[in-house]
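Asks: So here's target-v5.pdb, just PDB, C-alpha atoms, pLDDT in the B column:
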ATOM      1  CA  MET A   2     103.571  36.074 -64.053  1.00 68.00           C
ATOM      2  CA  LYS A   3     100.036  35.176 -65.116  1.00 74.00           C
ATOM      3  CA  GLU A   4      99.486  32.974 -62.041  1.00 80.00           C
ATOM      4  CA  ILE A   5     101.001  35.579 -59.709  1.00 80.00           C
ATOM      5  CA  LYS A   6      98.602  38.232 -61.030  1.00 81.00           C
ATOM      6  CA  LYS A   7      95.664  35.816 -60.842  1.00 83.00           C
ATOM      7  CA  GLN A   8      96.400  35.072 -57.171  1.00 86.00           C
ATOM      8  CA  LEU A   9      96.891  38.778 -56.415  1.00 87.00           C
ATOM      9  CA  ARG A  10      93.516  39.599 -58.012  1.00 89.00           C
ATOM     10  CA  ARG A  11      91.882  36.991 -55.777  1.00 91.00           C
ATOM     11  CA  GLU A  12      93.495  38.466 -52.652  1.00 93.00           C
ATOM     12  CA  ILE A  13      92.524  42.032 -53.572  1.00 91.00           C
ATOM     13  CA  ARG A  14      88.907  41.003 -54.282  1.00 93.00           C
ATOM     14  CA  GLU A  15      88.752  39.376 -50.836  1.00 94.00           C
ATOM     15  CA  LYS A  16      90.069  42.578 -49.267  1.00 94.00           C
ATOM     16  CA  ILE A  17      87.543  44.687 -51.221  1.00 94.00           C
ATOM     17  CA  ASN A  18      84.688  42.451 -50.063  1.00 93.00           C
ATOM     18  CA  SER A  19      85.795  42.837 -46.432  1.00 95.00           C
ATOM     19  CA  LEU A  20      85.747  46.657 -46.481  1.00 96.00           C
ATOM     20  CA  PRO A  21      82.937  48.142 -44.343  1.00 96.00           C
ATOM     21  CA  ALA A  22      79.998  49.686 -46.218  1.00 95.00           C
ATOM     22  CA  GLU A  23      80.476  53.012 -44.393  1.00 96.00           C
ATOM     23  CA  TYR A  24      84.066  53.183 -45.600  1.00 96.00           C
ATOM     24  CA  ILE A  25      82.967  52.448 -49.188  1.00 96.00           C
ATOM     25  CA  GLU A  26      80.403  55.278 -49.060  1.00 96.00           C
ATOM     26  CA  GLU A  27      82.850  57.775 -47.547  1.00 96.00           C
ATOM     27  CA  SER A  28      85.649  56.907 -49.942  1.00 96.00           C
ATOM     28  CA  ASP A  29      83.302  57.090 -52.960  1.00 97.00           C
ATOM     29  CA  ALA A  30      82.354  60.670 -52.056  1.00 96.00           C
ATOM     30  CA  GLY A  31      85.973  61.675 -51.400  1.00 97.00           C
ATOM     31  CA  ILE A  32      87.319  60.136 -54.613  1.00 97.00           C
ATOM     32  CA  ALA A  33      84.653  61.784 -56.796  1.00 97.00           C
ATOM     33  CA  ALA A  34      85.185  65.191 -55.174  1.00 97.00           C
ATOM     34  CA  ARG A  35      88.964  64.984 -55.639  1.00 97.00           C
ATOM     35  CA  VAL A  36      88.743  63.874 -59.281  1.00 97.00           C
ATOM     36  CA  CYS A  37      86.249  66.626 -60.135  1.00 97.00           C
ATOM     37  CA  SER A  38      88.486  69.272 -58.546  1.00 96.00           C
ATOM     38  CA  LEU A  39      91.632  68.321 -60.485  1.00 96.00           C
ATOM     39  CA  PRO A  40      92.664  71.129 -62.871  1.00 96.00           C
ATOM     40  CA  GLU A  41      93.103  68.532 -65.630  1.00 96.00           C
ATOM     41  CA  PHE A  42      89.481  67.437 -65.162  1.00 97.00           C
ATOM     42  CA  ILE A  43      88.171  70.997 -65.007  1.00 97.00           C
ATOM     43  CA  ASN A  44      90.061  71.984 -68.177  1.00 97.00           C
ATOM     44  CA  ALA A  45      89.316  68.798 -70.135  1.00 98.00           C
ATOM     45  CA  LYS A  46      86.830  68.991 -72.979  1.00 98.00           C
ATOM     46  CA  THR A  47      86.578  65.227 -73.518  1.00 98.00           C
ATOM     47  CA  ILE A  48      86.424  62.670 -70.701  1.00 98.00           C
ATOM     48  CA  PHE A  49      86.677  58.882 -70.919  1.00 98.00           C
ATOM     49  CA  THR A  50      85.633  56.887 -67.876  1.00 97.00           C
ATOM     50  CA  PHE A  51      84.049  53.593 -66.976  1.00 95.00           C
ATOM     51  CA  TYR A  52      80.679  53.061 -65.301  1.00 95.00           C
ATOM     52  CA  SER A  53      81.460  51.571 -61.904  1.00 94.00           C
ATOM     53  CA  ILE A  54      79.638  48.507 -60.625  1.00 91.00           C
ATOM     54  CA  GLY A  55      79.600  46.709 -57.303  1.00 91.00           C
ATOM     55  CA  ARG A  56      82.304  47.890 -54.924  1.00 94.00           C
ATOM     56  CA  GLU A  57      84.404  49.701 -57.526  1.00 94.00           C
ATOM     57  CA  PRO A  58      85.066  53.364 -56.694  1.00 96.00           C
ATOM     58  CA  ASP A  59      81.950  55.258 -57.770  1.00 95.00           C
ATOM     59  CA  THR A  60      82.282  56.966 -61.152  1.00 97.00           C
ATOM     60  CA  HIS A  61      78.595  57.889 -61.478  1.00 96.00           C
ATOM     61  CA  ARG A  62      79.187  61.225 -59.713  1.00 97.00           C
ATOM     62  CA  ILE A  63      82.161  61.958 -61.976  1.00 98.00           C
ATOM     63  CA  ILE A  64      80.067  61.224 -65.086  1.00 97.00           C
ATOM     64  CA  ARG A  65      77.176  63.389 -63.890  1.00 97.00           C
ATOM     65  CA  ARG A  66      79.511  66.276 -62.989  1.00 97.00           C
ATOM     66  CA  ALA A  67      81.276  66.114 -66.371  1.00 98.00           C
ATOM     67  CA  LEU A  68      77.913  66.155 -68.179  1.00 97.00           C
ATOM     68  CA  GLU A  69      76.738  69.108 -66.044  1.00 97.00           C
ATOM     69  CA  MET A  70      79.927  70.963 -67.015  1.00 97.00           C
ATOM     70  CA  GLY A  71      79.156  70.438 -70.722  1.00 97.00           C
ATOM     71  CA  LYS A  72      82.042  68.069 -71.381  1.00 98.00           C
ATOM     72  CA  THR A  73      81.953  65.325 -73.982  1.00 97.00           C
ATOM     73  CA  VAL A  74      81.704  62.175 -71.867  1.00 97.00           C
ATOM     74  CA  SER A  75      82.590  58.806 -73.324  1.00 97.00           C
ATOM     75  CA  LEU A  76      82.529  55.307 -71.895  1.00 96.00           C
ATOM     76  CA  PRO A  77      84.010  52.043 -73.125  1.00 94.00           C
ATOM     77  CA  VAL A  78      82.387  49.492 -75.364  1.00 91.00           C
ATOM     78  CA  CYS A  79      84.433  46.280 -75.318  1.00 88.00           C
ATOM     79  CA  PHE A  80      84.759  43.744 -78.114  1.00 87.00           C
ATOM     80  CA  LYS A  81      86.392  40.329 -78.363  1.00 84.00           C
ATOM     81  CA  GLY A  82      90.151  40.329 -78.798  1.00 82.00           C
ATOM     82  CA  GLY A  83      90.768  43.094 -76.257  1.00 81.00           C
ATOM     83  CA  ILE A  84      89.430  45.884 -78.477  1.00 86.00           C
ATOM     84  CA  MET A  85      87.746  48.837 -76.797  1.00 91.00           C
ATOM     85  CA  GLU A  86      86.052  51.945 -78.210  1.00 94.00           C
ATOM     86  CA  ALA A  87      85.183  55.189 -76.460  1.00 96.00           C
ATOM     87  CA  ARG A  88      81.565  56.103 -77.242  1.00 96.00           C
ATOM     88  CA  ALA A  89      79.953  59.391 -76.241  1.00 97.00           C
ATOM     89  CA  ILE A  90      76.821  59.725 -74.132  1.00 95.00           C
ATOM     90  CA  LYS A  91      74.565  62.641 -73.243  1.00 94.00           C
ATOM     91  CA  ASP A  92      72.937  60.903 -70.252  1.00 91.00           C
ATOM     92  CA  ILE A  93      73.636  57.941 -67.936  1.00 90.00           C
ATOM     93  CA  GLY A  94      70.249  56.541 -68.981  1.00 89.00           C
ATOM     94  CA  GLU A  95      71.788  55.625 -72.355  1.00 90.00           C
ATOM     95  CA  LEU A  96      73.820  52.809 -70.790  1.00 90.00           C
ATOM     96  CA  ARG A  97      72.738  49.191 -70.816  1.00 87.00           C
ATOM     97  CA  PRO A  98      74.346  45.851 -69.880  1.00 86.00           C
ATOM     98  CA  SER A  99      76.664  44.407 -72.487  1.00 84.00           C
ATOM     99  CA  GLN A 100      76.296  40.801 -73.614  1.00 75.00           C
ATOM    100  CA  MET A 101      80.023  40.158 -73.462  1.00 69.00           C
ATOM    101  CA  MET A 102      80.943  41.224 -69.938  1.00 68.00           C
ATOM    102  CA  GLY A 103      77.734  42.416 -68.288  1.00 73.00           C
ATOM    103  CA  LEU A 104      79.184  45.915 -67.891  1.00 84.00           C
ATOM    104  CA  MET A 105      77.078  49.020 -68.421  1.00 88.00           C
ATOM    105  CA  GLU A 106      78.038  50.352 -71.848  1.00 88.00           C
ATOM    106  CA  PRO A 107      76.732  52.933 -74.352  1.00 89.00           C
ATOM    107  CA  LEU A 108      75.915  50.198 -76.864  1.00 84.00           C
ATOM    108  CA  ASP A 109      73.515  52.300 -78.949  1.00 88.00           C
ATOM    109  CA  SER A 110      75.826  55.305 -79.266  1.00 87.00           C
ATOM    110  CA  LYS A 111      77.236  55.755 -82.746  1.00 91.00           C
ATOM    111  CA  ILE A 112      79.575  58.582 -81.663  1.00 95.00           C
ATOM    112  CA  VAL A 113      83.028  57.028 -81.387  1.00 96.00           C
ATOM    113  CA  ILE A 114      85.696  59.273 -79.869  1.00 97.00           C
ATOM    114  CA  ALA A 115      89.203  58.575 -81.144  1.00 96.00           C
ATOM    115  CA  PRO A 116      91.771  57.958 -78.371  1.00 96.00           C
ATOM    116  CA  GLU A 117      93.821  60.951 -79.538  1.00 95.00           C
ATOM    117  CA  GLU A 118      90.789  63.255 -79.050  1.00 97.00           C
ATOM    118  CA  ILE A 119      90.397  62.392 -75.348  1.00 98.00           C
ATOM    119  CA  ASP A 120      91.780  64.831 -72.759  1.00 97.00           C
ATOM    120  CA  PHE A 121      91.173  62.980 -69.481  1.00 98.00           C
ATOM    121  CA  ILE A 122      90.833  59.258 -68.705  1.00 97.00           C
ATOM    122  CA  VAL A 123      89.724  57.570 -65.483  1.00 98.00           C
ATOM    123  CA  VAL A 124      91.438  54.170 -65.518  1.00 96.00           C
ATOM    124  CA  PRO A 125      89.831  51.290 -63.585  1.00 93.00           C
ATOM    125  CA  ALA A 126      91.784  48.821 -61.464  1.00 93.00           C
ATOM    126  CA  LEU A 127      91.454  46.522 -58.514  1.00 92.00           C
ATOM    127  CA  ALA A 128      94.397  48.354 -56.890  1.00 93.00           C
ATOM    128  CA  TYR A 129      97.299  50.699 -57.648  1.00 94.00           C
ATOM    129  CA  ASP A 130     100.847  50.957 -56.384  1.00 94.00           C
ATOM    130  CA  GLU A 131     102.699  54.116 -55.383  1.00 92.00           C
ATOM    131  CA  GLU A 132     104.192  54.517 -58.877  1.00 93.00           C
ATOM    132  CA  GLY A 133     100.872  54.420 -60.732  1.00 94.00           C
ATOM    133  CA  TYR A 134     100.963  50.816 -61.910  1.00 93.00           C
ATOM    134  CA  ARG A 135      97.776  48.844 -61.503  1.00 92.00           C
ATOM    135  CA  VAL A 136      96.348  45.423 -60.946  1.00 89.00           C
ATOM    136  CA  GLY A 137      93.689  45.403 -63.626  1.00 85.00           C
ATOM    137  CA  TYR A 138      90.953  42.918 -64.301  1.00 81.00           C
ATOM    138  CA  GLY A 139      93.053  40.823 -66.669  1.00 75.00           C
ATOM    139  CA  GLY A 140      91.544  41.606 -70.068  1.00 77.00           C
ATOM    140  CA  GLY A 141      94.269  43.975 -71.299  1.00 79.00           C
ATOM    141  CA  TYR A 142      91.700  46.414 -72.768  1.00 86.00           C
ATOM    142  CA  TYR A 143      93.139  49.518 -71.141  1.00 88.00           C
ATOM    143  CA  ASP A 144      96.771  48.563 -71.823  1.00 85.00           C
ATOM    144  CA  ARG A 145      95.940  48.432 -75.539  1.00 88.00           C
ATOM    145  CA  PHE A 146      93.899  51.637 -75.418  1.00 91.00           C
ATOM    146  CA  LEU A 147      96.300  53.820 -73.405  1.00 91.00           C
ATOM    147  CA  VAL A 148      99.167  53.435 -75.880  1.00 91.00           C
ATOM    148  CA  ARG A 149      96.950  55.221 -78.445  1.00 92.00           C
ATOM    149  CA  THR A 150      96.262  58.390 -76.437  1.00 93.00           C
ATOM    150  CA  LYS A 151      98.032  61.382 -74.946  1.00 93.00           C
ATOM    151  CA  ALA A 152      95.201  62.021 -72.465  1.00 96.00           C
ATOM    152  CA  TYR A 153      95.851  62.767 -68.815  1.00 97.00           C
ATOM    153  CA  THR A 154      95.350  59.467 -66.974  1.00 97.00           C
ATOM    154  CA  VAL A 155      93.960  59.157 -63.468  1.00 97.00           C
ATOM    155  CA  GLY A 156      93.682  55.962 -61.488  1.00 96.00           C
ATOM    156  CA  ILE A 157      91.029  55.830 -58.799  1.00 97.00           C
ATOM    157  CA  THR A 158      91.239  53.493 -55.832  1.00 96.00           C
ATOM    158  CA  ARG A 159      90.548  53.390 -52.149  1.00 96.00           C
ATOM    159  CA  GLU A 160      93.371  54.339 -49.792  1.00 95.00           C
ATOM    160  CA  ALA A 161      92.957  50.934 -48.113  1.00 95.00           C
ATOM    161  CA  LEU A 162      93.855  49.243 -51.429  1.00 95.00           C
ATOM    162  CA  MET A 163      97.056  51.180 -52.211  1.00 95.00           C
ATOM    163  CA  MET A 164     100.043  48.854 -52.546  1.00 94.00           C
ATOM    164  CA  ASP A 165     103.785  49.445 -52.326  1.00 92.00           C
ATOM    165  CA  ALA A 166     104.371  47.660 -55.638  1.00 91.00           C
ATOM    166  CA  VAL A 167     102.465  45.444 -58.062  1.00 89.00           C
ATOM    167  CA  PRO A 168     103.837  42.931 -60.581  1.00 86.00           C
ATOM    168  CA  ARG A 169     104.693  44.655 -63.869  1.00 88.00           C
ATOM    169  CA  GLU A 170     105.194  43.617 -67.439  1.00 84.00           C
ATOM    170  CA  ALA A 171     106.829  45.552 -70.274  1.00 82.00           C
ATOM    171  CA  HIS A 172     103.469  46.601 -71.794  1.00 81.00           C
ATOM    172  CA  ASP A 173     102.066  48.040 -68.530  1.00 86.00           C
ATOM    173  CA  ILE A 174     101.481  51.803 -68.603  1.00 89.00           C
ATOM    174  CA  PRO A 175     101.320  53.715 -65.320  1.00 93.00           C
ATOM    175  CA  VAL A 176      98.747  56.445 -64.743  1.00 95.00           C
ATOM    176  CA  GLN A 177      99.869  60.049 -64.233  1.00 95.00           C
ATOM    177  CA  CYS A 178      97.844  60.595 -61.071  1.00 96.00           C
ATOM    178  CA  ILE A 179      96.254  58.366 -58.440  1.00 97.00           C
ATOM    179  CA  VAL A 180      93.224  59.639 -56.561  1.00 97.00           C
ATOM    180  CA  THR A 181      91.980  58.133 -53.314  1.00 96.00           C
ATOM    181  CA  GLU A 182      89.576  59.538 -50.759  1.00 96.00           C
ATOM    182  CA  LYS A 183      92.585  60.958 -48.862  1.00 94.00           C
ATOM    183  CA  LYS A 184      94.590  62.650 -51.625  1.00 91.00           C
ATOM    184  CA  ALA A 185      95.586  63.036 -55.255  1.00 90.00           C
ATOM    185  CA  ARG A 186      99.092  61.774 -55.944  1.00 87.00           C
ATOM    186  CA  LEU A 187     100.603  63.505 -58.975  1.00 83.00           C
ATOM    187  CA  LEU A 188     103.142  61.034 -60.309  1.00 78.00           C
ATOM    188  CA  ARG A 189     104.151  62.475 -63.664  1.00 67.00           C
ATOM    189  CA  GLU A 190     103.319  65.371 -65.939  1.00 66.00           C
ATOM    190  CA  SER A 191     101.229  65.079 -69.096  1.00 58.00           C
ATOM    191  CA  ARG A 192     102.640  62.831 -71.805  1.00 54.00           C
TER     192      ARG A 192
END
Could you write out this structure as structure tokens?
Replies:
Amino acid sequence: MKEIKKQLRREIREKINSLPAEYIEESDAGIAARVCSLPEFINAKTIFTFYSIGREPDTHRIIRRALEMGKTVSLPVCFKGGIMEARAIKDIGELRPSQMMGLMEPLDSKIVIAPEEIDFIVVPALAYDEEGYRVGYGGGYYDRFLVRTKAYTVGITREALMMDAVPREAHDIPVQCIVTEKKARLLRESR
């Protein structure tokens, strides 16, 4: 299974790199607008999302909108052994590159938000399938984190990267909603 997922990640990355820049820009705007209009997002008090880099679907607009709305916004800080914390920010300017993975993280924030206190989570992935399962980046951080929360989970991806099915393992947790630039697919009610 490990080799199958590794090969699939390679293929998806190649597909991502081949997407036209105009499509990336259009889909970024559509994804952010759809996420920010979800009732679960609007009603959430505490948001947990990642800070997108490269050709990942843009989360910067989602973060800014959540902050404008007065929500508690938290982002991941990752540690060795697959451990991840949600740490609150007041401004995107508080983020800086982590030593471990080079991701933008709120490393100086001392405000740790417990998983059970989070209302809404944007889950990163290379791609999603129609049932809400994802091809992640291979670290297992989110799989370990999601079992500890009852938050509403949203996967964001580009319509061009949606798959019929992805390889699954027993520990994989599907998201409750997938948002692309075309639509929001509600897959299951709150946990």
Asks: Write out as a PyMOL selection string the residues lying within 12 Å of A:Arg186, counting only C-alpha atoms and excluding same-chain residues fewer than 5 positions away.
Replies: chain A and resi 32+35-36+39+129-133+154-158+160+163+176-181
Asks: Which polymer residues have any atom within 12 Å of an atom of A:Pro40, counting all atoms listed in the file, with same-chain residues fewer than 5 positions away left out, as a ChimeraX atom specification?
Replies: /A:35,45-46,120-121,153,178,185,187
Asks: A:Pro168: which residues within 10 Å, counting all atoms listed in the file, same-chain residues fewer than 5 positions away excluded, as a list in words?
Replies: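 Once the adjacent positions are removed, what remains is Met2, Lys3, Ile5, Lys6, Leu9, Asp130, Tyr134, Arg135, Val136 and Asp173 of chain A.
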Asks: Which one is closest to A:Ile25: A:Ile64, A:Ala115, A:Ala161, A:Ala128? Count all atoms listed in the file.
Replies: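 Using all atoms listed in the file, A:Ile25 sits closest to A:Ala161.
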Asks: Give me the residues near stretch 75-89 of chain A as a ChimeraX atom specification, where near means some atom within 9 Å (using all atoms listed in the file) and where sequence neighbours in that chain fewer than 2 positions away do not count.
Replies: /A:47-52,64,73,91,99,101-102,104-108,110-116,119,140-143,145-146
Asks: Those same residues - C-alpha atoms - I'd like them written as a PDB file, in the coordinates of the input.
Replies:
ATOM      1  CA  THR A  47      86.578  65.227 -73.518  1.00 98.00           C
ATOM      2  CA  ILE A  48      86.424  62.670 -70.701  1.00 98.00           C
ATOM      3  CA  PHE A  49      86.677  58.882 -70.919  1.00 98.00           C
ATOM      4  CA  THR A  50      85.633  56.887 -67.876  1.00 97.00           C
ATOM      5  CA  PHE A  51      84.049  53.593 -66.976  1.00 95.00           C
ATOM      6  CA  TYR A  52      80.679  53.061 -65.301  1.00 95.00           C
ATOM      7  CA  ILE A  64      80.067  61.224 -65.086  1.00 97.00           C
ATOM      8  CA  THR A  73      81.953  65.325 -73.982  1.00 97.00           C
ATOM      9  CA  LYS A  91      74.565  62.641 -73.243  1.00 94.00           C
ATOM     10  CA  SER A  99      76.664  44.407 -72.487  1.00 84.00           C
ATOM     11  CA  MET A 101      80.023  40.158 -73.462  1.00 69.00           C
ATOM     12  CA  MET A 102      80.943  41.224 -69.938  1.00 68.00           C
ATOM     13  CA  LEU A 104      79.184  45.915 -67.891  1.00 84.00           C
ATOM     14  CA  MET A 105      77.078  49.020 -68.421  1.00 88.00           C
ATOM     15  CA  GLU A 106      78.038  50.352 -71.848  1.00 88.00           C
ATOM     16  CA  PRO A 107      76.732  52.933 -74.352  1.00 89.00           C
ATOM     17  CA  LEU A 108      75.915  50.198 -76.864  1.00 84.00           C
ATOM     18  CA  SER A 110      75.826  55.305 -79.266  1.00 87.00           C
ATOM     19  CA  LYS A 111      77.236  55.755 -82.746  1.00 91.00           C
ATOM     20  CA  ILE A 112      79.575  58.582 -81.663  1.00 95.00           C
ATOM     21  CA  VAL A 113      83.028  57.028 -81.387  1.00 96.00           C
ATOM     22  CA  ILE A 114      85.696  59.273 -79.869  1.00 97.00           C
ATOM     23  CA  ALA A 115      89.203  58.575 -81.144  1.00 96.00           C
ATOM     24  CA  PRO A 116      91.771  57.958 -78.371  1.00 96.00           C
ATOM     25  CA  ILE A 119      90.397  62.392 -75.348  1.00 98.00           C
ATOM     26  CA  GLY A 140      91.544  41.606 -70.068  1.00 77.00           C
ATOM     27  CA  GLY A 141      94.269  43.975 -71.299  1.00 79.00           C
ATOM     28  CA  TYR A 142      91.700  46.414 -72.768  1.00 86.00           C
ATOM     29  CA  TYR A 143      93.139  49.518 -71.141  1.00 88.00           C
ATOM     30  CA  ARG A 145      95.940  48.432 -75.539  1.00 88.00           C
ATOM     31  CA  PHE A 146      93.899  51.637 -75.418  1.00 91.00           C
TER      32      PHE A 146
END
Asks: Using the incomplete input, complete stretch 105-137 of chain A to the level of N, CA and C atoms; output as a compact mmCIF listing (two decimals), keeping the file's coordinate frame.
Replies:
# COMPACT_ATOMS: atom_id res chain seq x y z
N MET A 105 77.98 48.01 -67.87
CA MET A 105 77.08 49.02 -68.42
C MET A 105 77.84 49.80 -69.49
N GLU A 106 77.35 49.73 -70.72
CA GLU A 106 78.04 50.35 -71.85
C GLU A 106 77.06 51.14 -72.71
N PRO A 107 77.58 52.16 -73.43
CA PRO A 107 76.73 52.93 -74.35
C PRO A 107 76.61 52.21 -75.69
N LEU A 108 75.95 51.07 -75.69
CA LEU A 108 75.92 50.20 -76.86
C LEU A 108 75.22 50.82 -78.07
N ASP A 109 74.25 51.71 -77.83
CA ASP A 109 73.52 52.30 -78.95
C ASP A 109 74.18 53.56 -79.51
N SER A 110 75.16 54.08 -78.80
CA SER A 110 75.83 55.30 -79.27
C SER A 110 76.63 55.02 -80.53
N LYS A 111 76.48 55.88 -81.49
CA LYS A 111 77.24 55.76 -82.75
C LYS A 111 78.40 56.76 -82.78
N ILE A 112 78.53 57.55 -81.70
CA ILE A 112 79.58 58.58 -81.66
C ILE A 112 80.83 58.01 -81.02
N VAL A 113 81.77 57.60 -81.86
CA VAL A 113 83.03 57.03 -81.39
C VAL A 113 84.05 58.16 -81.28
N ILE A 114 84.67 58.26 -80.12
CA ILE A 114 85.70 59.27 -79.87
C ILE A 114 87.06 58.61 -80.02
N ALA A 115 87.86 59.13 -80.92
CA ALA A 115 89.20 58.58 -81.14
C ALA A 115 90.06 58.78 -79.90
N PRO A 116 90.92 57.83 -79.56
CA PRO A 116 91.77 57.96 -78.37
C PRO A 116 92.56 59.27 -78.34
N GLU A 117 93.01 59.73 -79.50
CA GLU A 117 93.82 60.95 -79.54
C GLU A 117 92.99 62.22 -79.31
N GLU A 118 91.67 62.10 -79.30
CA GLU A 118 90.79 63.26 -79.05
C GLU A 118 90.39 63.38 -77.58
N ILE A 119 90.78 62.40 -76.76
CA ILE A 119 90.40 62.39 -75.35
C ILE A 119 91.42 63.19 -74.54
N ASP A 120 90.91 64.00 -73.61
CA ASP A 120 91.78 64.83 -72.76
C ASP A 120 92.05 64.22 -71.39
N PHE A 121 91.11 63.44 -70.87
CA PHE A 121 91.17 62.98 -69.48
C PHE A 121 90.57 61.58 -69.39
N ILE A 122 91.31 60.63 -68.81
CA ILE A 122 90.83 59.26 -68.70
C ILE A 122 90.88 58.80 -67.26
N VAL A 123 89.77 58.22 -66.78
CA VAL A 123 89.72 57.57 -65.48
C VAL A 123 89.94 56.08 -65.75
N VAL A 124 91.03 55.55 -65.23
CA VAL A 124 91.44 54.17 -65.52
C VAL A 124 91.03 53.25 -64.37
N PRO A 125 90.26 52.20 -64.65
CA PRO A 125 89.83 51.29 -63.58
C PRO A 125 90.94 50.31 -63.19
N ALA A 126 90.85 49.84 -61.95
CA ALA A 126 91.78 48.82 -61.46
C ALA A 126 91.25 48.24 -60.17
N LEU A 127 91.75 47.08 -59.83
CA LEU A 127 91.45 46.52 -58.51
C LEU A 127 92.27 47.27 -57.46
N ALA A 128 93.52 47.62 -57.81
CA ALA A 128 94.40 48.35 -56.89
C ALA A 128 95.52 49.01 -57.69
N TYR A 129 96.15 50.00 -57.06
CA TYR A 129 97.30 50.70 -57.65
C TYR A 129 98.47 50.65 -56.69
N ASP A 130 99.68 50.80 -57.26
CA ASP A 130 100.85 50.96 -56.38
C ASP A 130 101.27 52.42 -56.38
N GLU A 131 102.27 52.73 -55.59
CA GLU A 131 102.70 54.12 -55.38
C GLU A 131 103.31 54.76 -56.63
N GLU A 132 103.62 53.97 -57.65
CA GLU A 132 104.19 54.52 -58.88
C GLU A 132 103.17 54.61 -60.01
N GLY A 133 101.92 54.28 -59.72
CA GLY A 133 100.87 54.42 -60.73
C GLY A 133 100.61 53.18 -61.56
N TYR A 134 101.24 52.07 -61.21
CA TYR A 134 100.96 50.82 -61.91
C TYR A 134 99.77 50.15 -61.24
N ARG A 135 99.02 49.37 -62.01
CA ARG A 135 97.78 48.84 -61.50
C ARG A 135 97.68 47.33 -61.62
N VAL A 136 96.80 46.80 -60.80
CA VAL A 136 96.35 45.42 -60.95
C VAL A 136 94.98 45.57 -61.60
N GLY A 137 94.94 45.28 -62.89
CA GLY A 137 93.69 45.40 -63.63
C GLY A 137 92.85 44.15 -63.49
